[in-house]
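Structure file structure.cif; described as mmCIF, C-alpha atoms.
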```cif
data_upload
#
loop_
_atom_site.label_atom_id
_atom_site.label_comp_id
_atom_site.auth_asym_id
_atom_site.auth_seq_id
_atom_site.Cartn_x
_atom_site.Cartn_y
_atom_site.Cartn_z
CA MET A 1 25.07 19.84 428.74
CA THR A 2 24.19 18.74 425.22
CA GLU A 3 27.27 17.22 423.64
CA PRO A 4 28.15 18.98 420.35
CA PRO A 5 29.90 17.03 417.59
CA SER A 6 33.44 15.98 418.39
CA ASP A 7 35.99 18.83 418.49
CA LEU A 8 33.42 21.31 417.14
CA LEU A 9 33.96 23.79 419.96
CA ASP A 10 37.72 23.62 419.54
CA ARG A 11 37.43 24.32 415.83
CA TYR A 12 35.02 27.21 416.49
CA LEU A 13 37.51 28.77 418.90
CA ARG A 14 40.15 28.50 416.16
CA GLY A 15 37.77 30.06 413.63
CA GLU A 16 37.63 26.91 411.50
CA THR A 17 33.91 26.10 411.63
CA SER A 18 31.55 26.45 408.69
CA PRO A 19 28.36 28.56 408.88
CA GLU A 20 26.27 25.38 409.01
CA GLU A 21 28.31 24.03 411.95
CA GLU A 22 27.91 27.36 413.75
CA ARG A 23 24.15 27.25 413.25
CA THR A 24 24.11 23.70 414.65
CA LEU A 25 25.93 24.89 417.77
CA ALA A 26 23.60 27.87 418.10
CA ARG A 27 20.43 25.79 417.86
CA GLN A 28 21.74 23.43 420.53
CA ALA A 29 22.68 26.36 422.74
CA LEU A 30 19.18 27.82 422.67
CA GLU A 31 17.99 24.62 424.34
CA ASP A 32 20.91 24.14 426.73
CA GLN A 33 21.86 26.92 429.16
CA ASP A 34 25.29 25.43 429.92
CA LEU A 35 26.20 25.26 426.25
CA PHE A 36 24.74 28.74 425.76
CA ASP A 37 27.01 30.13 428.50
CA LEU A 38 30.01 28.32 427.09
CA LEU A 39 29.47 29.69 423.59
CA ALA A 40 28.99 33.16 425.00
CA THR A 41 32.29 32.84 426.84
CA VAL A 42 33.99 31.73 423.63
CA GLY A 43 32.44 34.68 421.81
CA LEU A 44 33.60 37.07 424.51
CA THR A 45 37.12 35.70 424.35
CA LYS A 46 37.31 36.11 420.58
CA ALA A 47 35.78 39.58 420.79
CA ALA A 48 38.26 40.60 423.46
CA LEU A 49 41.16 39.48 421.30
CA ARG A 50 39.77 41.44 418.35
CA ASP A 51 39.22 44.50 420.53
CA GLU A 52 42.75 44.28 421.91
CA ARG A 53 44.20 44.26 418.40
CA ALA A 54 41.91 47.10 417.37
CA SER A 55 42.74 49.19 420.41
CA GLN A 56 46.44 48.90 419.70
CA ALA A 57 45.88 50.49 416.31
CA ALA A 58 43.41 53.13 417.50
CA THR A 59 44.46 56.69 418.25
CA SER A 60 43.20 58.60 421.24
CA ALA A 61 41.00 60.66 418.91
CA ASN A 62 39.35 57.60 417.39
CA GLN A 63 38.62 55.05 420.07
CA PRO A 64 37.04 51.79 418.89
CA TRP A 65 33.28 51.41 419.26
CA ARG A 66 33.02 48.30 421.42
CA PRO A 67 30.15 45.97 420.68
CA ALA A 68 27.73 45.25 423.47
CA TYR A 69 29.12 41.81 424.15
CA ALA A 70 32.40 43.46 425.13
CA VAL A 71 30.60 45.94 427.44
CA TRP A 72 27.70 44.20 429.15
CA GLY A 73 27.98 41.49 431.74
CA GLY A 74 24.59 39.84 432.10
CA LEU A 75 23.54 40.46 428.49
CA ALA A 76 26.83 39.30 427.00
CA ALA A 77 25.63 35.75 426.48
CA ALA A 78 22.59 36.78 424.48
CA ALA A 79 24.45 39.33 422.41
CA ALA A 80 27.44 37.14 421.69
CA LEU A 81 25.30 34.16 420.73
CA ALA A 82 22.99 36.21 418.58
CA ALA A 83 25.89 37.71 416.66
CA PHE A 84 27.42 34.25 416.44
CA VAL A 85 24.19 32.78 415.04
CA ALA A 86 23.15 35.39 412.52
CA GLY A 87 26.35 37.19 411.63
CA TRP A 88 24.37 40.41 411.25
CA ALA A 89 23.24 41.19 414.75
CA ILE A 90 23.91 44.35 416.72
CA ALA A 91 23.38 44.42 420.46
CA PRO A 92 22.68 47.82 422.02
CA ARG A 93 24.88 49.68 424.44
CA VAL A 94 22.11 51.35 426.45
CA THR A 95 20.76 51.47 429.96
CA ALA A 96 17.07 50.71 429.97
CA PRO A 97 15.07 53.41 431.78
CA PRO A 98 11.83 52.79 433.67
CA PRO A 99 8.79 52.60 431.37
CA SER A 100 7.39 55.99 430.39
CA SER A 101 4.86 57.50 428.04
CA GLU A 102 7.45 56.93 425.28
CA ALA A 103 6.88 53.19 425.55
CA ARG A 104 3.21 53.59 424.70
CA SER A 105 4.07 55.42 421.47
CA LEU A 106 5.10 52.10 420.00
CA SER A 107 1.57 50.75 419.98
CA PRO A 108 -1.48 52.81 420.95
CA GLU A 109 -3.78 49.79 420.86
CA ALA A 110 -2.63 48.13 424.08
CA PRO A 111 -1.48 49.44 427.49
CA ALA A 112 2.19 49.12 428.31
CA THR A 113 3.20 46.55 430.91
CA SER A 114 6.33 47.45 432.83
CA VAL A 115 8.96 45.23 434.36
CA PRO A 116 11.64 46.23 436.84
CA VAL A 117 14.80 47.53 435.20
CA ALA A 118 16.82 44.78 436.84
CA ASP A 119 14.70 42.20 435.02
CA VAL A 120 15.22 43.67 431.56
CA GLN A 121 17.32 41.42 429.37
CA HIS A 122 18.76 43.17 426.38
CA PRO A 123 17.69 42.02 422.92
CA THR A 124 19.54 41.98 419.64
CA PHE A 125 18.91 44.19 416.62
CA LEU A 126 19.05 42.98 413.01
CA ALA A 127 20.71 44.93 410.19
CA ALA A 128 21.18 43.08 406.92
CA ALA A 129 22.67 46.19 405.31
CA LEU A 130 25.65 45.77 407.64
CA GLU A 131 25.98 42.01 407.21
CA MET A 132 29.52 41.38 405.99
CA PRO A 133 28.70 38.34 403.82
CA ASN A 134 25.86 40.19 402.08
CA VAL A 135 27.63 43.47 401.52
CA LEU A 136 31.10 42.15 400.89
CA GLY A 137 30.13 38.91 399.16
CA ARG A 138 30.14 40.29 395.64
CA ARG A 139 32.02 37.82 393.46
CA GLN A 140 33.25 37.94 389.89
CA GLU A 141 33.64 34.59 388.17
CA PHE A 142 36.89 35.53 386.47
CA ARG A 143 38.68 35.97 389.79
CA THR A 144 39.29 33.79 392.80
CA VAL A 145 40.14 34.89 396.31
CA GLY A 146 43.69 36.14 396.49
CA SER A 147 44.22 36.22 392.73
CA ALA A 148 44.38 40.01 392.56
CA ARG A 149 47.49 41.05 394.41
CA ARG A 150 47.28 44.56 393.01
CA LEU A 151 44.56 47.18 393.07
CA PRO A 152 42.38 47.68 390.01
CA GLN A 153 43.77 50.40 387.79
CA SER A 154 41.62 53.02 386.11
CA ARG A 155 44.18 53.93 383.44
CA GLY A 156 46.56 51.90 381.32
CA THR A 157 48.38 51.93 377.98
CA ILE A 158 48.41 50.13 374.64
CA LEU A 159 51.10 47.45 374.63
CA SER A 160 50.89 46.40 370.99
CA VAL A 161 48.80 46.93 367.86
CA GLU A 162 48.12 44.26 365.26
CA SER A 163 45.43 43.70 362.59
CA GLY A 164 43.08 46.38 363.84
CA ALA A 165 43.26 45.28 367.47
CA ALA A 166 45.25 46.57 370.42
CA LEU A 167 46.54 44.74 373.47
CA VAL A 168 46.21 46.89 376.60
CA ASP A 169 47.62 46.40 380.09
CA LEU A 170 44.19 46.46 381.73
CA GLY A 171 42.13 43.34 382.35
CA ALA A 172 39.44 41.63 384.36
CA VAL A 173 41.07 42.70 387.62
CA ASP A 174 40.52 46.31 386.56
CA GLY A 175 36.82 45.85 385.77
CA LEU A 176 36.95 44.95 382.08
CA ALA A 177 34.68 42.30 380.57
CA LYS A 178 34.04 41.11 377.05
CA GLY A 179 31.85 43.67 375.33
CA SER A 180 32.65 46.51 377.72
CA VAL A 181 34.01 49.79 376.44
CA VAL A 182 37.29 51.53 377.16
CA VAL A 183 38.28 55.08 376.30
CA LEU A 184 41.33 55.76 374.16
CA GLU A 185 42.46 59.14 375.39
CA ALA A 186 43.07 61.98 372.96
CA ASP A 187 46.58 62.15 371.51
CA PRO A 188 47.35 65.80 370.60
CA GLY A 189 50.73 64.85 369.17
CA LEU A 190 49.10 62.70 366.50
CA ASN A 191 45.98 64.87 366.33
CA LEU A 192 43.84 61.93 367.49
CA PRO A 193 40.58 62.63 369.36
CA GLU A 194 39.27 60.69 372.32
CA VAL A 195 37.41 57.58 371.12
CA HIS A 196 35.64 54.59 372.61
CA ALA A 197 36.74 51.02 371.79
CA LYS A 198 35.01 47.73 372.52
CA VAL A 199 36.75 44.96 374.45
CA THR A 200 36.84 41.68 372.49
CA THR A 201 38.96 39.42 374.69
CA VAL A 202 39.71 39.67 378.42
CA PHE A 203 42.53 38.19 380.46
CA ARG A 204 43.27 38.74 384.11
CA ASP A 205 45.69 41.64 383.58
CA GLN A 206 45.30 42.41 379.89
CA ALA A 207 42.63 42.74 377.20
CA ARG A 208 42.24 43.13 373.44
CA VAL A 209 40.15 45.95 372.02
CA ASP A 210 38.92 46.74 368.51
CA LEU A 211 40.40 49.88 367.01
CA ALA A 212 38.22 52.14 364.92
CA GLU A 213 40.86 54.85 364.94
CA GLU A 214 44.58 54.99 364.44
CA ALA A 215 46.49 54.15 367.59
CA ARG A 216 50.03 53.58 368.68
CA VAL A 217 51.87 51.74 371.42
CA GLY A 218 51.87 53.79 374.59
CA ARG A 219 48.57 55.57 373.98
CA HIS A 220 46.63 55.87 377.24
CA VAL A 221 43.42 53.94 377.84
CA ARG A 222 40.81 54.45 380.57
CA VAL A 223 38.34 52.04 382.16
CA ALA A 224 34.77 53.28 382.63
CA VAL A 225 34.44 54.73 386.13
CA THR A 226 31.56 52.49 387.19
CA ALA A 227 33.32 49.33 386.01
CA ASN A 228 36.48 50.32 387.85
CA LEU A 229 34.51 51.08 391.04
CA LEU A 230 32.86 47.65 390.89
CA ALA A 231 36.29 46.09 390.46
CA LEU A 232 37.44 47.85 393.62
CA SER A 233 34.29 46.59 395.31
CA ALA A 234 35.16 43.01 394.33
CA VAL A 235 38.69 43.41 395.70
CA ILE A 236 37.25 44.61 399.01
CA ALA A 237 35.07 41.48 399.08
CA ASP A 238 37.85 39.08 398.09
CA GLY A 239 40.40 40.70 400.39
CA SER A 240 37.99 40.57 403.32
CA ALA A 241 37.26 36.89 402.69
CA ALA A 242 40.99 36.17 402.49
CA GLY A 243 41.83 38.24 405.57
CA ASP A 244 44.11 40.53 403.58
CA ALA A 245 43.70 43.68 405.68
CA GLU A 246 46.32 45.68 403.77
CA LEU A 247 44.68 45.03 400.39
CA VAL A 248 41.21 45.81 401.79
CA ARG A 249 42.42 49.04 403.36
CA ALA A 250 44.02 50.22 400.11
CA ALA A 251 41.01 49.23 397.98
CA ALA A 252 38.57 50.84 400.42
CA SER A 253 40.54 54.09 400.41
CA ARG A 254 40.50 54.33 396.62
CA ALA A 255 36.88 53.16 396.38
CA SER A 256 35.82 55.83 398.86
CA THR A 257 37.38 58.52 396.69
CA VAL A 258 35.77 57.19 393.50
CA ALA A 259 32.35 56.68 395.13
CA ARG A 260 32.33 60.24 396.41
CA SER A 261 33.47 61.74 393.11
CA GLY A 262 29.97 61.42 391.66
CA GLU A 263 31.22 60.03 388.34
CA ALA A 264 30.05 56.44 388.76
CA LYS A 265 26.45 55.23 388.62
CA ALA A 266 24.51 55.62 391.84
CA ASP A 267 23.90 51.91 392.43
CA ALA A 268 27.64 51.16 392.32
CA ARG A 269 28.33 54.08 394.63
CA ARG A 270 25.68 52.88 397.11
CA LEU A 271 27.15 49.37 397.06
CA VAL A 272 30.62 50.63 397.91
CA LEU A 273 29.38 53.00 400.61
CA LEU A 274 27.53 50.11 402.25
CA GLN A 275 30.70 48.03 402.06
CA LEU A 276 32.61 50.84 403.75
CA ALA A 277 29.90 51.03 406.43
CA ALA A 278 30.18 47.29 407.06
CA LEU A 279 33.97 47.57 407.33
CA ALA A 280 33.63 50.48 409.75
CA ARG A 281 31.15 48.45 411.82
CA SER A 282 33.59 45.54 411.92
CA ARG A 283 36.22 47.77 413.50
CA ASN A 284 33.68 49.26 415.95
CA ASP A 285 33.76 52.76 414.43
CA ALA A 286 30.18 53.96 415.00
CA ALA A 287 30.72 57.46 413.62
CA ALA A 288 32.13 56.20 410.32
CA THR A 289 29.41 53.54 410.08
CA GLN A 290 26.69 56.17 410.37
CA ARG A 291 28.46 58.51 407.96
CA TYR A 292 28.74 55.94 405.19
CA LEU A 293 25.17 54.74 405.73
CA ARG A 294 23.81 58.27 405.46
CA GLU A 295 25.87 58.97 402.35
CA ALA A 296 24.43 55.83 400.76
CA LEU A 297 20.92 56.87 401.75
CA GLN A 298 21.43 60.31 400.19
CA LEU A 299 21.95 58.54 396.87
CA ALA A 300 18.66 56.63 397.12
CA ASP A 301 16.92 58.80 394.53
CA ALA A 302 19.87 59.07 392.12
CA ALA A 303 19.64 57.02 388.92
CA PRO A 304 19.30 54.13 389.03
CA PRO A 305 17.31 54.67 392.24
CA ALA A 306 17.32 52.33 395.20
CA SER A 307 14.44 49.91 395.58
CA ALA A 308 11.95 50.28 398.42
CA ALA A 309 13.56 47.33 400.22
CA GLN A 310 17.02 48.86 399.87
CA ARG A 311 15.81 52.17 401.29
CA SER A 312 14.23 50.33 404.20
CA GLU A 313 17.40 48.35 404.90
CA MET A 314 19.57 51.47 404.87
CA LEU A 315 17.21 53.28 407.26
CA ASN A 316 17.00 50.19 409.44
CA ALA A 317 20.80 50.00 409.65
CA ILE A 318 21.02 53.68 410.60
CA ALA A 319 18.47 53.02 413.35
CA THR A 320 20.39 50.07 414.77
CA VAL A 321 23.56 52.11 415.06
CA ALA A 322 21.62 54.84 416.87
CA ALA A 323 20.09 52.26 419.20
CA ALA A 324 23.50 50.75 419.94
CA ALA A 325 24.60 54.22 421.07
CA GLY A 326 21.56 54.50 423.36
CA ASN A 327 19.57 56.93 421.18
CA LEU A 328 16.29 55.03 421.34
CA ALA A 329 14.05 57.94 420.32
CA ASP A 330 16.09 58.60 417.16
CA ALA A 331 16.25 54.87 416.47
CA GLU A 332 12.47 54.46 416.72
CA ALA A 333 11.78 57.46 414.49
CA THR A 334 14.14 56.11 411.84
CA LEU A 335 12.62 52.64 412.10
CA ARG A 336 9.21 54.14 411.43
CA GLN A 337 10.61 55.59 408.22
CA ALA A 338 12.08 52.21 407.34
CA GLN A 339 8.71 50.61 408.00
CA GLN A 340 7.05 52.91 405.47
CA HIS A 341 9.44 51.78 402.73
CA ALA A 342 9.60 48.06 403.57
CA PRO A 343 7.60 45.97 401.05
CA ALA A 344 4.80 44.03 402.72
CA GLY A 345 5.90 40.61 403.89
CA SER A 346 9.55 41.22 403.00
CA PRO A 347 12.71 40.39 404.99
CA ALA A 348 13.19 44.15 405.33
CA ALA A 349 9.82 44.42 407.07
CA ALA A 350 10.74 41.54 409.39
CA GLN A 351 13.95 43.30 410.43
CA VAL A 352 12.05 46.48 411.26
CA MET A 353 9.47 44.60 413.36
CA ASN A 354 12.20 42.82 415.31
CA ASN A 355 14.00 46.09 415.96
CA LEU A 356 10.85 47.87 417.08
CA GLY A 357 10.37 44.97 419.47
CA ALA A 358 13.92 45.40 420.74
CA ILE A 359 13.27 49.07 421.47
CA ALA A 360 10.05 48.20 423.32
CA ALA A 361 11.96 45.63 425.38
CA LEU A 362 14.67 48.14 426.25
CA ARG A 363 11.98 50.55 427.43
CA GLY A 364 10.58 47.93 429.77
CA ASP A 365 7.53 47.06 427.66
CA PRO A 366 7.54 43.27 427.13
CA VAL A 367 3.92 43.16 425.93
CA HIS A 368 4.61 45.27 422.87
CA ALA A 369 8.03 43.67 422.44
CA ARG A 370 6.39 40.24 422.12
CA THR A 371 3.84 41.62 419.65
CA PHE A 372 6.56 43.01 417.40
CA TYR A 373 8.69 39.86 417.64
CA GLN A 374 5.72 37.67 416.76
CA SER A 375 4.97 39.92 413.79
CA ALA A 376 8.59 39.59 412.67
CA LEU A 377 8.45 35.80 412.91
CA ALA A 378 5.21 35.74 410.90
CA LEU A 379 7.07 37.48 408.08
CA MET A 380 9.92 34.94 408.06
CA PRO A 381 10.05 31.43 406.61
CA SER A 382 9.33 28.84 409.29
CA SER A 383 12.65 27.06 408.71
CA ALA A 384 15.24 27.47 411.44
CA GLN A 385 17.70 28.26 408.63
CA ALA A 386 15.85 31.47 407.73
CA PRO A 387 18.23 34.40 408.21
CA GLY A 388 17.58 36.14 411.50
CA ARG A 389 14.87 33.76 412.72
CA VAL A 390 16.98 32.31 415.54
CA VAL A 391 17.73 35.84 416.72
CA VAL A 392 14.07 36.89 416.76
CA GLU A 393 13.05 33.69 418.55
CA HIS A 394 15.70 34.33 421.17
CA ASN A 395 14.56 37.93 421.57
CA LEU A 396 11.00 36.64 422.05
CA SER A 397 12.19 34.27 424.76
CA LEU A 398 13.87 37.18 426.56
CA ALA A 399 10.55 39.05 426.59
CA GLY A 400 9.05 36.28 428.68
CA PRO A 401 5.76 34.37 428.35
CA SER A 402 2.51 36.04 427.34
CA ARG A 403 0.28 37.10 430.18
#
```
Could you express the structure from this file as structure tokens?
Amino acid sequence: MTEPPSDLLDRYLRGETSPEEERTLARQALEDQDLFDLLATVGLTKAALRDERASQAATSANQPWRPAYAVWGGLAAAAALAAFVAGWAIAPRVTAPPPSSEARSLSPEAPATSVPVADVQHPTFLAAALEMPNVLGRRQEFRTVGSARRLPQSRGTILSVESGAALVDLGAVDGLAKGSVVVLEADPGLNLPEVHAKVTTVFRDQARVDLAEEARVGRHVRVAVTANLLALSAVIADGSAAGDAELVRAAASRASTVARSGEAKADARRLVLLQLAALARSRNDAAATQRYLREALQLADAAPPASAAQRSEMLNAIATVAAAAGNLADAEATLRQAQQHAPAGSPAAAQVMNNLGAIAALRGDPVHARTFYQSALALMPSSAQAPGRVVVEHNLSLAGPSR
């Protein structure tokens, strides 16, 4: 077996390895079956521990959606390693049927070549829209991980007034930035109307705003809905990175309510819904994952509209969840929609080609699977560091040599 760097496997088991070190292990494993099997075993162990903790918290009405590497035996190594390599891989929970006329629908140009079901090795799907680092990695420079031990507030009060400026108990944690606008709520007692005021100075928990109207200590101030939603989004990201499950759960609950209220801009709402989908995927809740993804997709045309690549990635993610549940026909149909939106030569297009290849492989059609995988690789940078490339190359190896 190829010897990895000293103590690297021990640190991976403890969850202390960097992404670069994990990629190093993965590349070695693709060339060394013993190391591959060992890493798969490590991945299975860690997944089992996560599933055990999740199952303890699950109710009988909401059983966890187990990933394929916790279900399959023979395919566990491929699935676990692929997820370990890319961080955004989904392995399907399906039983591959014998090849049928459905297989030929993937590519009318060439005849399907079947392989016995026992010889089918299950590939891995790609879904960047569900990748935790991408979706949850939103950062705001004014905050560091763990600095916000409270949830962003949407409403505060004026603490003091001096020289035409007011100090309010809302700050960067709540979504304020220099130049942003807050709303001073109407004050019927003083016959003051609702007015907007510009933020001039921002601190973590407080800010100063210019006053164009009379104000008094205690007057209520509101943060713009979109700014507050993005602040909640950042807390979800920071809390996830810090492993603060309680903070993430509270922020996600409030963000879900705000995102569904329709008051914030559509792009912020889509971002949060994709975050919620990624969180649901991480706890193996397939139904919630699909629900959030479809809600995000429904906002694709709302202003500001989603880009073609974003539409493709959302559709692609919906397809991967369907495929993981064994709904290959639905998955393929949705992937075809994703393919129509994917910009030519884009990472989104590469994901779709890989996933169409995975469906062909699951249907016992290695010829078309290889064609799709090769098309996916042609759309990716040649560097081994290119996101998803190791996964597609491994899928291609599972499809066997060209005949």
(request) Find the residue from A:Leu151, A:Val195, A:His394, A:Val161 that sits nearest to A:Ser253; use all atoms listed in the file when measuring. (result)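 Of A:Leu151, A:Val195, A:His394, A:Val161, the one nearest A:Ser253 is A:Leu151, counting all atoms listed in the file.
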(request) May I ask for the distance between atom CA of A:Ala278 and atom CA of A:Leu130, given in Å to one decimal place? (result) 4.8 Å
(message) Taking 2 positions as the minimum chain separation for residues in the same chain, which residues sit within 12 Å of A:Ala129 when counting all atoms listed in the file? Answer as number ranges by chain.
(response) A: 87-90, 126-127, 131-136, 270-279, 281, 289-290, 292-293, 296-297, 309-321, 347-348, 351
(message) Which residues are close to stretch 176-182 of chain A, i.e. within 12 Å by all atoms listed in the file, leaving aside same-chain residues fewer than 2 positions away? Reply as a VMD selection string.
(response) chain A and resid 140 to 143 152 to 158 166 168 to 174 184 to 185 194 to 211 220 to 232
(message) Env of A:Ala349: 8 Å cut, atoms = all atoms listed in the file, seq-sep filter 6 positions within chain, self excluded. Answer as a ChimeraX atom specification.
(response) /A:312,339,342-343,376,379
(request) Select, from A:Leu159, A:Leu299, A:Ala333, A:Leu362, the residue with the minimum atom-to-atom distance to A:Ala259, counting all atoms listed in the file. (result)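 Of all the options, A:Leu299 lies closest to A:Ala259.
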(request) Work out how far apart atom CA of A:Leu192 and atom CA of A:Gly164 are and give it in Å to one decimal. (result)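 Straight-line distance from atom CA of A:Leu192 to atom CA of A:Gly164 works out to 16.0 Å.
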(request) Fewer than 2 positions away in the same chain doesn't count, so skip those; otherwise give me all residues within 8 Å of A:Ala361, counting all atoms listed in the file, as a list in words. (result) Val120, Gln121, His122, Pro123, Gly357, Ala358, Ile359, Arg363, Gly364, Asp365, Pro366, His368, Ala369 and Ala399 of chain A
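Interatomic distance, atom CA of A:Glu332 against atom CA of A:Thr124: 14.6 Å.
Closest approach to A:Arg260 from the set A:Ala378, A:Glu295, A:Val248, A:Arg283 is made by A:Glu295, with distances taken over all atoms listed in the file.
When only C-alpha atoms are used to measure the gap to A:Gln298, the shortest distance among A:Ala266, A:Ala338, A:Met353, A:Ala286 belongs to A:Ala266.
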(message) Counting only C-alpha atoms, which residue out of A:Gln337, A:Ala302, A:Arg389, A:Ser307 sits closest to A:Ala264?
(response)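 Closest residue, counting only C-alpha atoms: A:Ala302.
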(message) Just checking: using all atoms listed in the file, which residue out of A:Ala165, A:Ala280, A:Ala303, A:Val367 ends up closest to A:Leu398?
(response) A:Val367
